[in-house]
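Enquirer: As input, take query-v3.pdb (PDB, C-alpha atoms):
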```pdb
ATOM      1  CA  MET A   1       0.000   0.000   0.000
ATOM      2  CA  GLN A   2       1.289   3.458  -0.955
ATOM      3  CA  ILE A   3       0.353   6.876   0.436
ATOM      4  CA  LEU A   4       0.048   9.805  -1.984
ATOM      5  CA  LEU A   5       0.421  13.068  -0.089
ATOM      6  CA  ALA A   6      -1.452  16.083  -1.460
ATOM      7  CA  ASN A   7       0.342  19.310  -2.231
ATOM      8  CA  PRO A   8      -0.680  21.843  -1.087
ATOM      9  CA  ARG A   9      -2.420  20.757   2.109
ATOM     10  CA  GLY A  10      -2.916  21.992   5.653
ATOM     11  CA  PHE A  11      -2.473  25.493   7.028
ATOM     12  CA  CYS A  12      -3.170  28.494   4.813
ATOM     13  CA  ALA A  13      -1.820  31.999   5.412
ATOM     14  CA  GLY A  14      -5.019  33.187   7.110
ATOM     15  CA  VAL A  15      -4.977  30.297   9.594
ATOM     16  CA  GLU A  16      -1.274  30.752  10.371
ATOM     17  CA  ARG A  17      -1.884  34.460  10.989
ATOM     18  CA  ALA A  18      -4.868  33.840  13.284
ATOM     19  CA  ILE A  19      -3.023  31.295  15.431
ATOM     20  CA  THR A  20       0.047  33.542  15.650
ATOM     21  CA  ILE A  21      -2.140  36.467  16.780
ATOM     22  CA  VAL A  22      -3.449  34.460  19.734
ATOM     23  CA  GLU A  23       0.010  33.156  20.634
ATOM     24  CA  ARG A  24       1.615  36.628  20.415
ATOM     25  CA  ALA A  25      -1.185  38.152  22.505
ATOM     26  CA  LEU A  26      -0.627  35.493  25.191
ATOM     27  CA  GLU A  27       3.107  36.240  25.169
ATOM     28  CA  LYS A  28       2.609  40.005  25.350
ATOM     29  CA  PHE A  29      -0.359  40.335  27.720
ATOM     30  CA  GLY A  30      -0.365  37.013  29.552
ATOM     31  CA  ALA A  31      -3.274  34.661  30.133
ATOM     32  CA  PRO A  32      -6.163  34.764  29.866
ATOM     33  CA  ILE A  33      -6.757  36.007  26.343
ATOM     34  CA  TYR A  34     -10.364  35.859  25.153
ATOM     35  CA  VAL A  35     -11.219  34.710  21.620
ATOM     36  CA  ARG A  36     -14.668  35.101  20.103
ATOM     37  CA  HIS A  37     -15.521  31.742  18.548
ATOM     38  CA  GLU A  38     -12.918  29.090  17.709
ATOM     39  CA  VAL A  39     -10.064  31.070  16.186
ATOM     40  CA  VAL A  40      -9.903  28.402  13.453
ATOM     41  CA  HIS A  41     -12.023  25.286  13.083
ATOM     42  CA  ASN A  42      -9.664  22.620  14.351
ATOM     43  CA  LYS A  43      -9.950  20.791  17.677
ATOM     44  CA  TYR A  44      -6.208  20.188  18.062
ATOM     45  CA  VAL A  45      -5.391  23.866  17.512
ATOM     46  CA  VAL A  46      -8.140  25.095  19.841
ATOM     47  CA  ASP A  47      -7.182  22.648  22.607
ATOM     48  CA  ASP A  48      -3.521  23.680  22.301
ATOM     49  CA  LEU A  49      -4.394  27.368  22.629
ATOM     50  CA  LYS A  50      -6.690  26.639  25.582
ATOM     51  CA  ALA A  51      -3.771  24.936  27.326
ATOM     52  CA  LYS A  52      -1.699  28.092  26.776
ATOM     53  CA  GLY A  53      -4.373  30.323  28.345
ATOM     54  CA  ALA A  54      -6.861  31.240  25.605
ATOM     55  CA  ILE A  55     -10.536  31.273  26.572
ATOM     56  CA  PHE A  56     -12.996  30.791  23.718
ATOM     57  CA  ILE A  57     -16.364  32.525  24.076
ATOM     58  CA  GLU A  58     -19.396  33.162  21.889
ATOM     59  CA  GLU A  59     -20.968  36.133  23.705
ATOM     60  CA  LEU A  60     -19.173  39.364  24.594
ATOM     61  CA  GLU A  61     -20.889  39.386  27.977
ATOM     62  CA  ASP A  62     -18.523  36.551  28.905
ATOM     63  CA  VAL A  63     -15.490  38.843  28.447
ATOM     64  CA  PRO A  64     -14.462  40.805  31.586
ATOM     65  CA  ASP A  65     -13.879  44.550  31.419
ATOM     66  CA  ASN A  66     -10.360  45.616  30.388
ATOM     67  CA  ALA A  67      -9.643  42.186  28.875
ATOM     68  CA  THR A  68      -7.925  41.442  25.560
ATOM     69  CA  LEU A  69     -10.293  40.074  22.919
ATOM     70  CA  ILE A  70      -9.437  38.495  19.572
ATOM     71  CA  PHE A  71     -11.901  38.078  16.714
ATOM     72  CA  SER A  72     -11.623  34.692  14.976
ATOM     73  CA  ALA A  73     -10.389  34.137  11.428
ATOM     74  CA  HIS A  74     -14.012  33.862  10.260
ATOM     75  CA  GLY A  75     -14.860  37.510  10.953
ATOM     76  CA  VAL A  76     -17.618  39.084  13.038
ATOM     77  CA  PRO A  77     -20.783  41.127  12.433
ATOM     78  CA  GLN A  78     -20.532  44.904  12.789
ATOM     79  CA  SER A  79     -22.678  44.708  15.931
ATOM     80  CA  VAL A  80     -19.924  42.726  17.675
ATOM     81  CA  ARG A  81     -17.256  45.246  16.687
ATOM     82  CA  ILE A  82     -19.383  48.133  17.895
ATOM     83  CA  GLU A  83     -20.147  46.500  21.252
ATOM     84  CA  ALA A  84     -16.516  45.468  21.831
ATOM     85  CA  ALA A  85     -15.334  49.023  21.073
ATOM     86  CA  ARG A  86     -18.040  50.516  23.310
ATOM     87  CA  ARG A  87     -16.790  48.403  26.198
ATOM     88  CA  GLY A  88     -13.226  49.544  25.615
ATOM     89  CA  LEU A  89     -11.831  46.037  25.201
ATOM     90  CA  ASN A  90      -8.280  45.588  23.922
ATOM     91  CA  ILE A  91      -9.120  44.187  20.478
ATOM     92  CA  PHE A  92      -7.014  42.326  17.934
ATOM     93  CA  ASP A  93      -8.658  41.248  14.703
ATOM     94  CA  ALA A  94      -7.650  37.815  13.380
ATOM     95  CA  THR A  95     -10.213  37.920  10.562
ATOM     96  CA  CYS A  96      -8.636  36.430   7.447
ATOM     97  CA  PRO A  97      -7.785  39.299   5.074
ATOM     98  CA  LEU A  98      -9.618  37.441   2.287
ATOM     99  CA  VAL A  99     -12.787  37.452   4.410
ATOM    100  CA  THR A 100     -12.229  41.129   5.199
ATOM    101  CA  LYS A 101     -12.058  41.736   1.427
ATOM    102  CA  VAL A 102     -15.590  40.344   1.105
ATOM    103  CA  HIS A 103     -16.780  42.537   4.004
ATOM    104  CA  ILE A 104     -15.352  45.624   2.323
ATOM    105  CA  GLU A 105     -16.999  44.659  -0.974
ATOM    106  CA  VAL A 106     -20.376  44.186   0.745
ATOM    107  CA  SER A 107     -20.146  47.621   2.362
ATOM    108  CA  ARG A 108     -19.103  49.244  -0.924
ATOM    109  CA  LEU A 109     -21.965  47.657  -2.831
ATOM    110  CA  ALA A 110     -24.496  48.608  -0.178
ATOM    111  CA  LYS A 111     -23.425  52.256  -0.365
ATOM    112  CA  GLN A 112     -24.088  52.099  -4.114
ATOM    113  CA  GLY A 113     -27.623  50.847  -3.518
ATOM    114  CA  PHE A 114     -27.085  47.176  -4.308
ATOM    115  CA  GLU A 115     -28.855  44.281  -2.686
ATOM    116  CA  ILE A 116     -26.561  41.308  -2.248
ATOM    117  CA  ILE A 117     -26.996  37.589  -2.803
ATOM    118  CA  MET A 118     -24.542  35.613  -0.691
ATOM    119  CA  ILE A 119     -23.733  32.004  -1.543
ATOM    120  CA  GLY A 120     -22.822  30.202   1.671
ATOM    121  CA  HIS A 121     -23.800  27.862   4.488
ATOM    122  CA  LYS A 122     -26.379  29.129   6.965
ATOM    123  CA  GLY A 123     -25.040  29.252  10.518
ATOM    124  CA  HIS A 124     -21.364  29.234   9.548
ATOM    125  CA  PRO A 125     -19.577  32.031  11.460
ATOM    126  CA  GLU A 126     -18.056  33.462   8.284
ATOM    127  CA  VAL A 127     -21.512  33.788   6.748
ATOM    128  CA  GLU A 128     -22.926  35.313   9.945
ATOM    129  CA  GLY A 129     -20.062  37.804   9.960
ATOM    130  CA  THR A 130     -20.577  38.800   6.328
ATOM    131  CA  VAL A 131     -24.375  39.050   6.573
ATOM    132  CA  GLY A 132     -23.855  41.045   9.768
ATOM    133  CA  GLN A 133     -21.947  43.758   7.914
ATOM    134  CA  LEU A 134     -25.385  45.186   7.046
ATOM    135  CA  ASP A 135     -28.420  45.388   9.306
ATOM    136  CA  ASP A 136     -31.131  46.274   6.799
ATOM    137  CA  GLY A 137     -31.951  42.847   5.372
ATOM    138  CA  SER A 138     -30.352  43.608   2.020
ATOM    139  CA  ILE A 139     -28.219  40.431   2.005
ATOM    140  CA  HIS A 140     -30.043  37.318   0.811
ATOM    141  CA  LEU A 141     -28.399  33.983   1.682
ATOM    142  CA  VAL A 142     -28.616  31.045  -0.726
ATOM    143  CA  GLU A 143     -27.210  27.609   0.104
ATOM    144  CA  ASP A 144     -28.143  25.763  -3.079
ATOM    145  CA  VAL A 145     -29.790  26.149  -6.468
ATOM    146  CA  ALA A 146     -33.261  25.615  -4.970
ATOM    147  CA  ASP A 147     -32.768  28.616  -2.694
ATOM    148  CA  VAL A 148     -32.186  30.858  -5.709
ATOM    149  CA  ALA A 149     -35.814  30.406  -6.793
ATOM    150  CA  ARG A 150     -37.105  31.345  -3.320
ATOM    151  CA  ILE A 151     -35.368  34.635  -2.580
ATOM    152  CA  GLN A 152     -37.318  37.842  -3.140
ATOM    153  CA  PRO A 153     -35.099  40.933  -3.499
ATOM    154  CA  ARG A 154     -36.821  44.286  -3.209
ATOM    155  CA  GLN A 155     -35.537  45.161  -6.685
ATOM    156  CA  THR A 156     -33.620  43.393  -9.451
ATOM    157  CA  GLU A 157     -31.752  46.178 -11.230
ATOM    158  CA  LYS A 158     -28.940  46.439  -8.673
ATOM    159  CA  LEU A 159     -28.018  42.972  -7.435
ATOM    160  CA  ALA A 160     -24.556  41.579  -6.732
ATOM    161  CA  VAL A 161     -23.163  38.183  -5.711
ATOM    162  CA  VAL A 162     -20.593  37.367  -3.043
ATOM    163  CA  THR A 163     -19.613  33.969  -1.653
ATOM    164  CA  GLN A 164     -18.280  32.344   1.472
ATOM    165  CA  THR A 165     -14.531  31.868   0.984
ATOM    166  CA  THR A 166     -14.438  28.129   1.810
ATOM    167  CA  LEU A 167     -17.072  26.699  -0.546
ATOM    168  CA  SER A 168     -16.773  24.021  -3.176
ATOM    169  CA  VAL A 169     -15.584  25.865  -6.275
ATOM    170  CA  ASP A 170     -17.813  23.758  -8.529
ATOM    171  CA  ASP A 171     -20.919  24.014  -6.319
ATOM    172  CA  ALA A 172     -20.520  27.781  -5.988
ATOM    173  CA  ALA A 173     -20.209  28.117  -9.766
ATOM    174  CA  GLU A 174     -23.406  26.099 -10.260
ATOM    175  CA  ILE A 175     -25.332  28.268  -7.787
ATOM    176  CA  ALA A 176     -23.903  31.466  -9.272
ATOM    177  CA  ALA A 177     -25.058  30.316 -12.721
ATOM    178  CA  ALA A 178     -28.576  29.802 -11.336
ATOM    179  CA  VAL A 179     -28.504  33.304  -9.859
ATOM    180  CA  LYS A 180     -27.418  34.712 -13.233
ATOM    181  CA  ALA A 181     -30.174  32.788 -15.004
ATOM    182  CA  ARG A 182     -32.857  34.230 -12.726
ATOM    183  CA  PHE A 183     -31.345  37.704 -12.420
ATOM    184  CA  PRO A 184     -29.504  38.476 -15.689
ATOM    185  CA  ASN A 185     -28.360  41.903 -14.456
ATOM    186  CA  VAL A 186     -26.614  40.520 -11.372
ATOM    187  CA  GLN A 187     -23.064  41.769 -10.818
ATOM    188  CA  SER A 188     -20.416  39.131 -10.138
ATOM    189  CA  PRO A 189     -17.247  39.795  -8.114
ATOM    190  CA  LYS A 190     -14.270  41.164 -10.066
ATOM    191  CA  GLN A 191     -12.275  38.342  -8.459
ATOM    192  CA  GLN A 192     -13.867  35.180  -7.100
ATOM    193  CA  ASP A 193     -14.369  35.247  -3.334
ATOM    194  CA  ILE A 194     -13.396  31.593  -2.772
ATOM    195  CA  CYS A 195      -9.892  31.825  -1.365
ATOM    196  CA  TYR A 196      -6.723  30.656  -3.085
ATOM    197  CA  ALA A 197      -6.066  27.968  -0.461
ATOM    198  CA  THR A 198      -9.541  26.460  -0.754
ATOM    199  CA  GLN A 199      -9.218  26.310  -4.550
ATOM    200  CA  ASN A 200      -5.674  24.907  -4.473
ATOM    201  CA  ARG A 201      -6.631  22.097  -2.077
ATOM    202  CA  GLN A 202      -9.674  21.211  -4.165
ATOM    203  CA  ASP A 203      -7.577  21.218  -7.334
ATOM    204  CA  ALA A 204      -5.118  18.817  -5.678
ATOM    205  CA  ILE A 205      -8.020  16.458  -4.854
ATOM    206  CA  LYS A 206      -9.092  16.507  -8.509
ATOM    207  CA  ILE A 207      -5.573  15.528  -9.590
ATOM    208  CA  MET A 208      -5.178  12.826  -6.929
ATOM    209  CA  SER A 209      -8.583  11.159  -7.032
ATOM    210  CA  PRO A 210      -8.087   9.149 -10.269
ATOM    211  CA  GLN A 211      -4.842   7.776  -8.804
ATOM    212  CA  VAL A 212      -6.086   6.455  -5.434
ATOM    213  CA  ASP A 213      -8.505   3.885  -3.996
ATOM    214  CA  ILE A 214      -9.319   5.823  -0.828
ATOM    215  CA  MET A 215      -9.008   9.448   0.314
ATOM    216  CA  ILE A 216      -8.309  10.521   3.886
ATOM    217  CA  VAL A 217      -8.927  14.182   4.743
ATOM    218  CA  VAL A 218      -7.526  15.469   8.026
ATOM    219  CA  GLY A 219      -9.894  18.078   9.434
ATOM    220  CA  SER A 220     -12.460  18.805  12.131
ATOM    221  CA  PRO A 221     -16.210  18.369  11.514
ATOM    222  CA  THR A 222     -16.754  22.132  11.893
ATOM    223  CA  SER A 223     -14.247  22.957   9.133
ATOM    224  CA  SER A 224     -16.094  23.971   5.977
ATOM    225  CA  ASN A 225     -13.122  23.669   3.631
ATOM    226  CA  SER A 226     -12.205  20.225   5.025
ATOM    227  CA  ASN A 227     -15.754  18.958   4.497
ATOM    228  CA  ARG A 228     -15.684  20.202   0.923
ATOM    229  CA  LEU A 229     -12.487  18.206   0.233
ATOM    230  CA  ALA A 230     -14.062  14.957   1.439
ATOM    231  CA  GLU A 231     -17.256  15.684  -0.530
ATOM    232  CA  LEU A 232     -15.297  16.406  -3.708
ATOM    233  CA  ALA A 233     -13.388  13.119  -3.532
ATOM    234  CA  ARG A 234     -16.680  11.232  -3.097
ATOM    235  CA  LYS A 235     -18.171  13.005  -6.107
ATOM    236  CA  LEU A 236     -15.144  11.872  -8.080
ATOM    237  CA  GLY A 237     -15.889   8.263  -7.138
ATOM    238  CA  VAL A 238     -13.361   7.688  -4.351
ATOM    239  CA  ASP A 239     -14.150   6.285  -0.898
ATOM    240  CA  SER A 240     -13.456   9.314   1.295
ATOM    241  CA  TYR A 241     -13.232   9.802   5.049
ATOM    242  CA  MET A 242     -12.576  12.884   7.174
ATOM    243  CA  VAL A 243     -10.784  12.383  10.484
ATOM    244  CA  ASP A 244      -9.871  14.713  13.330
ATOM    245  CA  SER A 245      -6.916  12.536  14.284
ATOM    246  CA  ALA A 246      -5.175   9.237  13.547
ATOM    247  CA  ALA A 247      -7.218   7.591  16.306
ATOM    248  CA  GLU A 248     -10.337   7.825  14.110
ATOM    249  CA  LEU A 249      -8.882   5.722  11.285
ATOM    250  CA  GLN A 250     -10.654   2.369  10.866
ATOM    251  CA  THR A 251      -8.716  -0.717   9.783
ATOM    252  CA  HIS A 252     -11.457  -1.985   7.457
ATOM    253  CA  TRP A 253     -11.311   1.211   5.375
ATOM    254  CA  PHE A 254      -7.955   0.073   3.985
ATOM    255  CA  GLU A 255      -8.755  -3.563   3.232
ATOM    256  CA  GLY A 256      -8.059  -4.284  -0.433
ATOM    257  CA  LYS A 257      -6.710  -0.774  -1.047
ATOM    258  CA  SER A 258      -3.360  -0.216  -2.715
ATOM    259  CA  ARG A 259      -3.138   3.591  -2.914
ATOM    260  CA  VAL A 260      -4.222   6.009  -0.192
ATOM    261  CA  GLY A 261      -4.679   9.726  -0.918
ATOM    262  CA  LEU A 262      -3.985  11.952   2.082
ATOM    263  CA  THR A 263      -4.705  15.655   2.440
ATOM    264  CA  ALA A 264      -5.597  18.165   5.150
ATOM    265  CA  GLY A 265      -7.959  21.107   5.354
ATOM    266  CA  ALA A 266      -6.610  24.631   5.663
ATOM    267  CA  SER A 267      -7.040  24.658   9.452
ATOM    268  CA  ALA A 268      -5.410  21.256  10.130
ATOM    269  CA  PRO A 269      -1.801  21.241  11.399
ATOM    270  CA  GLU A 270       0.896  19.119   9.789
ATOM    271  CA  ILE A 271       1.544  17.212  13.027
ATOM    272  CA  LEU A 272      -1.844  15.525  12.574
ATOM    273  CA  VAL A 273      -0.949  14.547   9.008
ATOM    274  CA  ARG A 274       2.288  12.977  10.252
ATOM    275  CA  GLU A 275       0.402  10.991  12.898
ATOM    276  CA  VAL A 276      -2.041   9.747  10.248
ATOM    277  CA  ILE A 277       0.890   8.677   8.048
ATOM    278  CA  ASP A 278       2.392   6.738  10.961
ATOM    279  CA  ARG A 279      -0.916   4.998  11.600
ATOM    280  CA  ILE A 280      -1.414   4.056   7.932
ATOM    281  CA  ARG A 281       2.165   2.733   7.845
ATOM    282  CA  ALA A 282       1.254   0.524  10.807
ATOM    283  CA  LEU A 283      -1.675  -0.756   8.725
ATOM    284  CA  GLY A 284       0.621  -1.773   5.884
ATOM    285  CA  ALA A 285       1.690   1.291   3.873
ATOM    286  CA  VAL A 286       5.244   0.840   2.629
ATOM    287  CA  SER A 287       5.909   4.210   0.982
ATOM    288  CA  VAL A 288       4.871   7.862   0.932
ATOM    289  CA  ARG A 289       5.028   9.947  -2.232
ATOM    290  CA  LYS A 290       4.439  13.680  -2.225
ATOM    291  CA  MET A 291       2.449  14.886  -5.218
ATOM    292  CA  ASP A 292       3.644  17.793  -7.325
ATOM    293  CA  GLY A 293       1.626  20.937  -6.756
ATOM    294  CA  ILE A 294       1.493  24.666  -6.218
ATOM    295  CA  GLU A 295       3.893  26.055  -3.645
ATOM    296  CA  GLU A 296       1.950  28.672  -1.687
ATOM    297  CA  THR A 297       3.927  31.776  -0.743
ATOM    298  CA  VAL A 298       1.129  34.033   0.540
ATOM    299  CA  LYS A 299       1.849  35.754   3.879
ATOM    300  CA  PHE A 300      -0.424  38.130   5.784
ATOM    301  CA  PRO A 301       0.949  40.737   8.222
ATOM    302  CA  LEU A 302       0.044  40.704  11.896
ATOM    303  CA  PRO A 303      -1.936  43.553  13.466
ATOM    304  CA  LYS A 304       0.018  46.522  14.745
ATOM    305  CA  GLY A 305       0.932  45.918  18.358
ATOM    306  CA  LEU A 306       1.704  42.221  17.872
ATOM    307  CA  ARG A 307       4.486  42.475  15.312
ATOM    308  CA  ILE A 308       8.057  41.828  16.403
ATOM    309  CA  ASP A 309       8.954  45.306  15.118
ATOM    310  CA  GLY A 310       6.017  46.810  17.079
TER     311      GLY A 310
END
```
Output the file's structure as structure tokens, nothing else.

Expert:
Amino acid sequence: MQILLANPRGFCAGVERAITIVERALEKFGAPIYVRHEVVHNKYVVDDLKAKGAIFIEELEDVPDNATLIFSAHGVPQSVRIEAARRGLNIFDATCPLVTKVHIEVSRLAKQGFEIIMIGHKGHPEVEGTVGQLDDGSIHLVEDVADVARIQPRQTEKLAVVTQTTLSVDDAAEIAAAVKARFPNVQSPKQQDICYATQNRQDAIKIMSPQVDIMIVVGSPTSSNSNRLAELARKLGVDSYMVDSAAELQTHWFEGKSRVGLTAGASAPEILVREVIDRIRALGAVSVRKMDGIEETVKFPLPKGLRIDG
């Protein structure tokens, strides 16, 4: 049995930045540091930061006065920003810059009189943060093609589309096409909102799937981009399983398999991938081959006040 290792996989620049923000804040201000929502959707990462002194909360009322608060990589509604500022909390924003780009676009469009159709998953914190940039009901959320037929904008001359950054590229394109079919005047983003890391990891799955008998995706159940990787492999006809850790691997998955594809969502650390490799080796894998792929060089700066240079 051989393991084919996806490239790229694992941490993206936005995740690395968010984790570093929490770690730097703990170093500079000491524990506890409060984080609104899981800073990234990975159990290992969150548990590690908890052990270092981070406290994860959902409601600002759980943050004491004069505390340091970090917004997660997924972004927050404007109401949260306003309340945190009103309380005078020491705030650091770990929102992924690619999510912030969507927030800025939403605000710009709204000022121009546009209503907005957002393609995304209801209840996901990134979607809640983006929808929460406006408070007038002018963002209409669609999760699938069927939703497109149900939404009722107040007008159809000035409509624009934005998307969650961690969607399936193919699914988002299908939904966007349905939006265009119903609303021919709709304005699409100048650049697609799905982030480079999400697209690159999905592209790697498309390359790997014809070459493997089974796909293992390392990622937590709450991770949107990890779920999309496992779904994509299944659509391409490969038995696919998502695991939070090596302990979740089942021996019978690998019976009769000769090639195992292995990847990791953008919020999953490489240490978990290495542990999964060790476990699959114990089940009979004799070699690991890294696939060719895009080398990601994107880096995002830290907020002022947490940089080494100040």

Enquirer: At what distance in Å, to one decimal, does CA of Ile33 in chain A lie from CA of Ile57 in chain A?

Expert: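 That distance, rounded to one decimal, is 10.5 Å.
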
Enquirer: Under the rule that all atoms listed in the file are counted, which of A:Ala110, A:Leu134, A:Val148, A:Val99 is the nearest residue to Thr163 in chain A?

Expert: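 Using all atoms listed in the file, Thr163 in chain A sits closest to A:Val99.
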
Enquirer: If you count all atoms listed in the file, which residues fall within 9 Å of Phe11 in chain A, apart from same-chain ones fewer than 2 positions away, as a list in words?

Expert: Arg9, Ala13, Gly14, Val15, Glu16, Ala197, Ala264, Gly265, Ala266, Ser267, Ala268, Pro269 and Glu270 of chain A

Enquirer: Would you output that residue set with C-alpha atoms, as a PDB file, in the frame of the given file?

Expert:
```pdb
ATOM      1  CA  ARG A   9      -2.420  20.757   2.109  1.00  0.00           C
ATOM      2  CA  ALA A  13      -1.820  31.999   5.412  1.00  0.00           C
ATOM      3  CA  GLY A  14      -5.019  33.187   7.110  1.00  0.00           C
ATOM      4  CA  VAL A  15      -4.977  30.297   9.594  1.00  0.00           C
ATOM      5  CA  GLU A  16      -1.274  30.752  10.371  1.00  0.00           C
ATOM      6  CA  ALA A 197      -6.066  27.968  -0.461  1.00  0.00           C
ATOM      7  CA  ALA A 264      -5.597  18.165   5.150  1.00  0.00           C
ATOM      8  CA  GLY A 265      -7.959  21.107   5.354  1.00  0.00           C
ATOM      9  CA  ALA A 266      -6.610  24.631   5.663  1.00  0.00           C
ATOM     10  CA  SER A 267      -7.040  24.658   9.452  1.00  0.00           C
ATOM     11  CA  ALA A 268      -5.410  21.256  10.130  1.00  0.00           C
ATOM     12  CA  PRO A 269      -1.801  21.241  11.399  1.00  0.00           C
ATOM     13  CA  GLU A 270       0.896  19.119   9.789  1.00  0.00           C
TER      14      GLU A 270
END
```

Enquirer: Quick one: residues within 12 Å of (-26.0, 32.9, -1.7) (file frame), counting all atoms listed in the file, please, as a PDB file with C-alpha atoms, in the frame of the given file.

Expert:
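point.pdb, written as the output of this step:
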```
ATOM      1  CA  GLU A 115     -28.855  44.281  -2.686  1.00  0.00           C
ATOM      2  CA  ILE A 116     -26.561  41.308  -2.248  1.00  0.00           C
ATOM      3  CA  ILE A 117     -26.996  37.589  -2.803  1.00  0.00           C
ATOM      4  CA  MET A 118     -24.542  35.613  -0.691  1.00  0.00           C
ATOM      5  CA  ILE A 119     -23.733  32.004  -1.543  1.00  0.00           C
ATOM      6  CA  GLY A 120     -22.822  30.202   1.671  1.00  0.00           C
ATOM      7  CA  HIS A 121     -23.800  27.862   4.488  1.00  0.00           C
ATOM      8  CA  LYS A 122     -26.379  29.129   6.965  1.00  0.00           C
ATOM      9  CA  VAL A 127     -21.512  33.788   6.748  1.00  0.00           C
ATOM     10  CA  THR A 130     -20.577  38.800   6.328  1.00  0.00           C
ATOM     11  CA  VAL A 131     -24.375  39.050   6.573  1.00  0.00           C
ATOM     12  CA  ILE A 139     -28.219  40.431   2.005  1.00  0.00           C
ATOM     13  CA  HIS A 140     -30.043  37.318   0.811  1.00  0.00           C
ATOM     14  CA  LEU A 141     -28.399  33.983   1.682  1.00  0.00           C
ATOM     15  CA  VAL A 142     -28.616  31.045  -0.726  1.00  0.00           C
ATOM     16  CA  GLU A 143     -27.210  27.609   0.104  1.00  0.00           C
ATOM     17  CA  ASP A 144     -28.143  25.763  -3.079  1.00  0.00           C
ATOM     18  CA  VAL A 145     -29.790  26.149  -6.468  1.00  0.00           C
ATOM     19  CA  ALA A 146     -33.261  25.615  -4.970  1.00  0.00           C
ATOM     20  CA  ASP A 147     -32.768  28.616  -2.694  1.00  0.00           C
ATOM     21  CA  VAL A 148     -32.186  30.858  -5.709  1.00  0.00           C
ATOM     22  CA  ALA A 149     -35.814  30.406  -6.793  1.00  0.00           C
ATOM     23  CA  ARG A 150     -37.105  31.345  -3.320  1.00  0.00           C
ATOM     24  CA  ILE A 151     -35.368  34.635  -2.580  1.00  0.00           C
ATOM     25  CA  LEU A 159     -28.018  42.972  -7.435  1.00  0.00           C
ATOM     26  CA  ALA A 160     -24.556  41.579  -6.732  1.00  0.00           C
ATOM     27  CA  VAL A 161     -23.163  38.183  -5.711  1.00  0.00           C
ATOM     28  CA  VAL A 162     -20.593  37.367  -3.043  1.00  0.00           C
ATOM     29  CA  THR A 163     -19.613  33.969  -1.653  1.00  0.00           C
ATOM     30  CA  GLN A 164     -18.280  32.344   1.472  1.00  0.00           C
ATOM     31  CA  THR A 165     -14.531  31.868   0.984  1.00  0.00           C
ATOM     32  CA  LEU A 167     -17.072  26.699  -0.546  1.00  0.00           C
ATOM     33  CA  ASP A 171     -20.919  24.014  -6.319  1.00  0.00           C
ATOM     34  CA  ALA A 172     -20.520  27.781  -5.988  1.00  0.00           C
ATOM     35  CA  ALA A 173     -20.209  28.117  -9.766  1.00  0.00           C
ATOM     36  CA  GLU A 174     -23.406  26.099 -10.260  1.00  0.00           C
ATOM     37  CA  ILE A 175     -25.332  28.268  -7.787  1.00  0.00           C
ATOM     38  CA  ALA A 176     -23.903  31.466  -9.272  1.00  0.00           C
ATOM     39  CA  ALA A 177     -25.058  30.316 -12.721  1.00  0.00           C
ATOM     40  CA  ALA A 178     -28.576  29.802 -11.336  1.00  0.00           C
ATOM     41  CA  VAL A 179     -28.504  33.304  -9.859  1.00  0.00           C
ATOM     42  CA  LYS A 180     -27.418  34.712 -13.233  1.00  0.00           C
ATOM     43  CA  SER A 188     -20.416  39.131 -10.138  1.00  0.00           C
ATOM     44  CA  ASP A 193     -14.369  35.247  -3.334  1.00  0.00           C
TER      45      ASP A 193
END
```

Enquirer: Please evaluate the PyMOL selection byres ((chain A and resi 49) around 12) against the structure above and give the resulting residues as a ChimeraX atom specification.

Expert: /A:18-27,31-35,38-40,42-48,50-56
